[in-house]
Protein chains: 2
Amino acid sequence: MARTQGSHSAHTGPKVRTAAERLFARHGYAAVSMRQIAAEVGVQVGALYVYTPDKQSLLFEMMKSHLEGLIAALPQVSGEPLKRLEAFTRFHVRYHLDRPEPVFIAYMELRNLNAENFSVIEALRGKYEAFLETILRQGVEAGDMSVEDSKVATLAIIAMLTGITTWFRDDGRLTRAEVEEIYWDMVRRMVGA
Amino acid sequence: MARTQGSHSAHTGPKVRTAAERLFARHGYAAVSMRQIAAEVGVQVGALYVYTPDKQSLLFEMMKSHLEGLIAALPQVSGEPLKRLEAFTRFHVRYHLDRPEPVFIAYMELRNLNAENFSVIEALRGKYEAFLETILRQGVEAGDMSVEDSKVATLAIIAMLTGITTWFRDDGRLTRAEVEEIYWDMVRRMVGA
DNA sequence: GTCTATACGTGGATAGAC
DNA sequence: GTCTATCCACGTATAGAC
């Protein structure tokens, strides 16, 4: 097939996505214009609409694929609940510290999704939370953990762990490994182990 | 003094503030227009500028007064660190559950502040965090608590407690008192008491 | 203090040329 | 696939009448 004049599609598609991700994370979805995204990619506005039907889809797709990737990467460790809780905790910290931009967007831009897209994202989030809640329930059943309310504990642990992304800096006082250790220690205590 | 034609200033001032607060909390600062705020208040756009020089000041003032109120309300309990930690925890939960809108704004809209305003807000936030960190340090010194890193533990506790506002509903499964109890229990364990 | 009218920039999105 | 040009709605903010 003859090459279309000025074609760069193989590169441009992913670039649109990453440019939007960086800009949404930094300035917020509502504050970023399609023109800014185009400038970041190095094309004119019109070209963006080859890769996305509209701005809303750009946001939805990046949140959806982030959450799907997160769920797919959940550690499928077998064994005692406490071991699985440790694996989950270390996984969550690492995965989130490695992807600050989609993480930030997934937590900040929920209200900029339309109703239909919102329910899809909420379902994915619920699936992720259910994974942790199951561990906590089984830990309590097995007598390894002491948790008053497994749903609340789930949300508390996730909020605590995700909060790391708001202050952690690679050139800061603590290494990722140290942070991971400190948080695992706090989670372990929280569940009464 | 003669009454100005159509004057409603005594009511309009506060209404602008609360309307902006409600709209910013629901849709985000960048997504809300001055026209929407005016409609919510029940005036025309031009009238808003009697009460604020611009949209940015509206955001800054509401964040500033929220944080100043929060700091002023901190529980000045004397006694053992553990007692003071409990007072802080219960205070934080109650104060935040009572003011979901300014709380949400103060955590979500930091990036929409200009540089100068941002540094003012960050300083206030630091002051609030320092209050908790001092309690933890003193608890460790007194041998009542076991905390690996007081700064990290401070941020973890605040993230965990503030996260409640994202899911708590008054018509939900748990009462405020129950939530307060569950979280105090988790905090207590986290600090190794 | 509030209104109407308006200036002027920028927003998302599309059409048609190359 | 990309560009230029354009549509038209909506954004913040101000001026001047009442």
# chains A, B, ... in the order shown; residues from 1 in each chain; ligands from 1
$ residues_around --residues "Pro81 in chain B" --least-positions-apart "3" --cutoff "9 Å" --atoms "only C-alpha atoms (C1' of nucleotides)" --output "CSV table (one decimal) with N, CA, C and O atoms, in the first residue's frame"
chain,number,residue,atom,x,y,z
B,78,SER,N,-4.3,18.4,76.9
B,78,SER,CA,-3.0,18.2,77.6
B,78,SER,C,-3.0,16.7,78.1
B,78,SER,O,-4.0,16.1,78.1
B,84,ARG,N,-3.7,12.4,73.4
B,84,ARG,CA,-3.8,13.5,72.5
B,84,ARG,C,-3.9,12.9,71.0
B,84,ARG,O,-4.6,13.6,70.2
B,85,LEU,N,-3.4,11.8,70.8
B,85,LEU,CA,-3.5,11.2,69.5
B,85,LEU,C,-5.0,10.8,69.3
B,85,LEU,O,-5.5,11.0,68.2
B,86,GLU,N,-5.6,10.3,70.3
B,86,GLU,CA,-7.0,9.9,70.2
B,86,GLU,C,-7.9,11.1,70.0
B,86,GLU,O,-8.7,11.1,69.1
B,135,ILE,N,2.9,15.0,68.2
B,135,ILE,CA,2.3,14.0,69.1
B,135,ILE,C,3.0,12.6,68.9
B,135,ILE,O,3.3,12.0,69.9
B,136,LEU,N,3.2,12.2,67.7
B,136,LEU,CA,3.9,10.9,67.4
B,136,LEU,C,5.3,10.9,68.0
B,136,LEU,O,5.7,10.0,68.6
B,137,ARG,N,6.0,12.0,67.8
B,137,ARG,CA,7.4,12.0,68.3
B,137,ARG,C,7.4,11.9,69.8
B,137,ARG,O,8.2,11.2,70.4
B,138,GLN,N,6.5,12.7,70.4
B,138,GLN,CA,6.5,12.6,71.9
B,138,GLN,C,6.0,11.3,72.4
B,138,GLN,O,6.5,10.8,73.5
B,139,GLY,N,5.1,10.7,71.7
B,139,GLY,CA,4.7,9.3,72.1
B,139,GLY,C,5.8,8.3,72.0
B,139,GLY,O,5.9,7.4,72.9
B,140,VAL,N,6.7,8.5,71.0
B,140,VAL,CA,7.8,7.6,70.9
B,140,VAL,C,8.8,7.8,72.0
B,140,VAL,O,9.3,6.9,72.6
B,142,ALA,N,8.2,9.1,74.9
B,142,ALA,CA,7.7,8.6,76.2
B,142,ALA,C,7.6,7.1,76.2
B,142,ALA,O,7.3,6.5,77.3
B,144,ASP,N,5.4,5.3,74.7
B,144,ASP,CA,4.0,4.9,74.6
B,144,ASP,C,3.7,4.4,73.1
B,144,ASP,O,2.7,3.7,72.9
B,145,MET,N,4.5,4.8,72.2
B,145,MET,CA,4.3,4.5,70.8
B,145,MET,C,5.5,3.9,70.2
B,145,MET,O,6.6,4.1,70.6
$ residues_around --residues "DC3 in chain C" --least-positions-apart "2" --cutoff "9 Å" --atoms "only C-alpha atoms (C1' of nucleotides)" --output "ChimeraX atom specification"
/B:43-44,46-47 /D:17-18
$ interface_residues --of "chain A" --to "chain B" --cutoff "9 Å" --atoms "only C-alpha atoms" --output "tab-separated table (two decimals) with C-alpha atoms, in the first residue's frame"
chain	number	residue	atom	x	y	z
A	26	ARG	CA	-0.23	17.86	35.68
A	27	HIS	CA	-3.05	20.33	35.03
A	28	GLY	CA	-6.24	18.32	35.30
A	29	TYR	CA	-8.56	17.12	32.56
A	30	ALA	CA	-10.78	20.18	32.46
A	31	ALA	CA	-7.85	22.60	32.33
A	108	MET	CA	-8.69	12.76	40.58
A	111	ARG	CA	-16.01	13.40	38.27
A	112	ASN	CA	-15.07	14.32	34.73
A	147	VAL	CA	-10.19	-6.52	61.66
A	148	GLU	CA	-13.34	-4.85	62.90
A	149	ASP	CA	-14.84	-4.11	59.50
A	152	VAL	CA	-13.62	-0.13	55.94
A	153	ALA	CA	-10.18	-1.62	56.54
A	155	LEU	CA	-10.59	1.39	51.98
A	156	ALA	CA	-8.35	2.62	54.77
A	157	ILE	CA	-5.40	0.55	53.61
A	158	ILE	CA	-5.80	1.56	49.97
A	159	ALA	CA	-6.15	5.25	50.86
A	160	MET	CA	-3.07	5.08	53.05
A	161	LEU	CA	-0.96	3.30	50.44
A	162	THR	CA	-2.08	5.37	47.49
A	163	GLY	CA	-1.36	8.54	49.45
A	164	ILE	CA	2.34	7.78	49.08
A	167	TRP	CA	4.66	13.02	48.48
A	179	VAL	CA	8.97	3.21	52.02
A	182	ILE	CA	7.57	1.13	56.52
A	183	TYR	CA	4.13	0.79	54.98
A	185	ASP	CA	4.90	-2.60	58.84
A	186	MET	CA	1.99	-0.19	59.36
A	187	VAL	CA	-0.45	-2.40	57.43
A	188	ARG	CA	0.62	-5.46	59.41
A	189	ARG	CA	-0.08	-3.68	62.65
A	190	MET	CA	-3.38	-2.29	61.41
A	191	VAL	CA	-4.76	-5.77	60.84
A	192	GLY	CA	-3.65	-6.83	64.26
$ residues_around --residues "DT14 in chain D" --least-positions-apart "2" --cutoff "12 Å" --atoms "only C-alpha atoms (C1' of nucleotides)" --output "PyMOL selection string"
(chain B and resi 45-47+49-50+53-54) or (chain C and resi 5-8) or (chain D and resi 12+16)
$ closest_atom_pairs --of "chain C" --to "chain A" --cutoff "12 Å" --atoms "only C-alpha atoms (C1' of nucleotides)" --output "JSON lines"
{"residue": "C:DT10", "atom": "C1'", "partner": "A:Ser33", "partner_atom": "CA", "distance": 9.2}
{"residue": "C:DG11", "atom": "C1'", "partner": "A:Ser33", "partner_atom": "CA", "distance": 7.2}
{"residue": "C:DG12", "atom": "C1'", "partner": "A:Met34", "partner_atom": "CA", "distance": 7.5}
{"residue": "C:DA13", "atom": "C1'", "partner": "A:Asp54", "partner_atom": "CA", "distance": 8.1}
{"residue": "C:DT14", "atom": "C1'", "partner": "A:Gly46", "partner_atom": "CA", "distance": 8.3}
{"residue": "C:DA15", "atom": "C1'", "partner": "A:Gly46", "partner_atom": "CA", "distance": 10.4}
{"residue": "C:DG16", "atom": "C1'", "partner": "A:Gly46", "partner_atom": "CA", "distance": 12.0}
{"residue": "C:DC18", "atom": "C1'", "partner": "A:Gln5", "partner_atom": "CA", "distance": 8.1}
$ atom_distance --atom1 "CA of Leu97 in chain A" --atom2 "CA of Pro102 in chain B"
27.8 Å
$ select_by_dssp --residues "chain A" --states "helix (DSSP H, G or I)" --output "number ranges by chain"
A: 9-27, 29-31, 34-41, 45-48, 55-72, 81-98, 100-108, 110-112, 115-141, 150-166, 176-190
$ interface_residues --of "chain D" --to "chain A" --cutoff "12 Å" --atoms "only C-alpha atoms (C1' of nucleotides)" --output "number ranges by chain"
D: 1-6, 11
$ atom_distance --atom1 "CA of Ile105 in chain B" --atom2 "CA of Glu129 in chain B"
17.7 Å
$ residues_around --residues "Ala106 in chain A" --least-positions-apart "2" --cutoff "12 Å" --atoms "only C-alpha atoms (C1' of nucleotides)" --output "VMD selection string"
chain A and resid 21 24 to 25 28 to 29 59 to 68 70 96 99 to 104 108 to 113 118 121 to 122 124 to 125 162
$ write_last_selection --atoms "C-alpha atoms" --output "PDB file, in the first residue's frame"
ATOM      1  CA  GLU A  21      -1.710  11.465  30.271  1.00  0.00           C
ATOM      2  CA  PHE A  24      -4.088  15.611  32.473  1.00  0.00           C
ATOM      3  CA  ALA A  25      -1.965  14.519  35.428  1.00  0.00           C
ATOM      4  CA  GLY A  28      -6.237  18.317  35.299  1.00  0.00           C
ATOM      5  CA  TYR A  29      -8.558  17.115  32.564  1.00  0.00           C
ATOM      6  CA  LEU A  59      -9.764  10.221  29.539  1.00  0.00           C
ATOM      7  CA  PHE A  60     -11.935   7.137  29.770  1.00  0.00           C
ATOM      8  CA  GLU A  61      -9.585   4.905  27.796  1.00  0.00           C
ATOM      9  CA  MET A  62      -6.565   5.848  29.858  1.00  0.00           C
ATOM     10  CA  MET A  63      -8.375   5.216  33.130  1.00  0.00           C
ATOM     11  CA  LYS A  64      -9.832   1.963  31.909  1.00  0.00           C
ATOM     12  CA  SER A  65      -6.569   0.536  30.637  1.00  0.00           C
ATOM     13  CA  HIS A  66      -4.778   1.638  33.784  1.00  0.00           C
ATOM     14  CA  LEU A  67      -7.246  -0.164  36.025  1.00  0.00           C
ATOM     15  CA  GLU A  68      -7.332  -3.239  33.821  1.00  0.00           C
ATOM     16  CA  LEU A  70      -3.588  -2.962  37.668  1.00  0.00           C
ATOM     17  CA  HIS A  96       1.669   2.946  42.043  1.00  0.00           C
ATOM     18  CA  ARG A  99       2.984   4.928  37.386  1.00  0.00           C
ATOM     19  CA  PRO A 100       2.307   8.228  39.127  1.00  0.00           C
ATOM     20  CA  GLU A 101       0.458   9.789  36.216  1.00  0.00           C
ATOM     21  CA  PRO A 102      -2.314   7.281  35.487  1.00  0.00           C
ATOM     22  CA  VAL A 103      -2.673   6.728  39.234  1.00  0.00           C
ATOM     23  CA  PHE A 104      -3.198  10.399  39.857  1.00  0.00           C
ATOM     24  CA  MET A 108      -8.690  12.758  40.579  1.00  0.00           C
ATOM     25  CA  GLU A 109     -10.695  12.731  37.399  1.00  0.00           C
ATOM     26  CA  LEU A 110     -13.619  10.493  38.297  1.00  0.00           C
ATOM     27  CA  ARG A 111     -16.012  13.404  38.270  1.00  0.00           C
ATOM     28  CA  ASN A 112     -15.066  14.318  34.727  1.00  0.00           C
ATOM     29  CA  LEU A 113     -16.307  10.999  33.393  1.00  0.00           C
ATOM     30  CA  PHE A 118     -18.071   6.372  35.381  1.00  0.00           C
ATOM     31  CA  ILE A 121     -14.517   2.634  36.056  1.00  0.00           C
ATOM     32  CA  GLU A 122     -16.245   2.216  39.380  1.00  0.00           C
ATOM     33  CA  LEU A 124     -13.128  -1.955  37.952  1.00  0.00           C
ATOM     34  CA  ARG A 125     -12.195  -0.154  41.119  1.00  0.00           C
ATOM     35  CA  THR A 162      -2.085   5.367  47.489  1.00  0.00           C
TER      36      THR A 162
END
$ residues_around --residues "Arg94 in chain A" --least-positions-apart "3" --cutoff "10 Å" --atoms "only C-alpha atoms (C1' of nucleotides)" --output "list of chain:residue names"
A:Phe88, A:Thr89, A:Arg90, A:Phe91, A:Leu97, A:Asp98, A:Arg99, A:Arg176, A:Ala177, A:Val179, A:Glu180
$ atom_distance --atom1 "CA of Thr134 in chain B" --atom2 "CA of Ile71 in chain B"
14.3 Å
$ decode --residues "chain D" --atoms "C-alpha atoms (C1' of nucleotides)" --output "CSV table (one decimal), in the first residue's frame"
chain,number,residue,atom,x,y,z
D,1,DG,C1',-2.4,11.0,8.2
D,2,DT,C1',-1.9,15.6,8.6
D,3,DC,C1',-2.8,20.4,7.6
D,4,DT,C1',-5.3,24.8,7.3
D,5,DA,C1',-9.4,27.1,7.9
D,6,DT,C1',-13.4,27.7,10.1
D,7,DC,C1',-17.9,27.1,12.9
D,8,DC,C1',-19.9,28.5,16.9
D,9,DA,C1',-20.5,28.0,21.8
D,10,DC,C1',-18.6,29.4,25.9
D,11,DG,C1',-14.9,31.3,28.9
D,12,DT,C1',-13.3,35.6,32.1
D,13,DA,C1',-13.7,40.1,32.8
D,14,DT,C1',-15.2,45.0,32.3
D,15,DA,C1',-18.2,49.4,31.2
D,16,DG,C1',-21.8,52.1,31.9
D,17,DA,C1',-26.9,52.5,32.8
D,18,DC,C1',-30.2,52.2,36.6
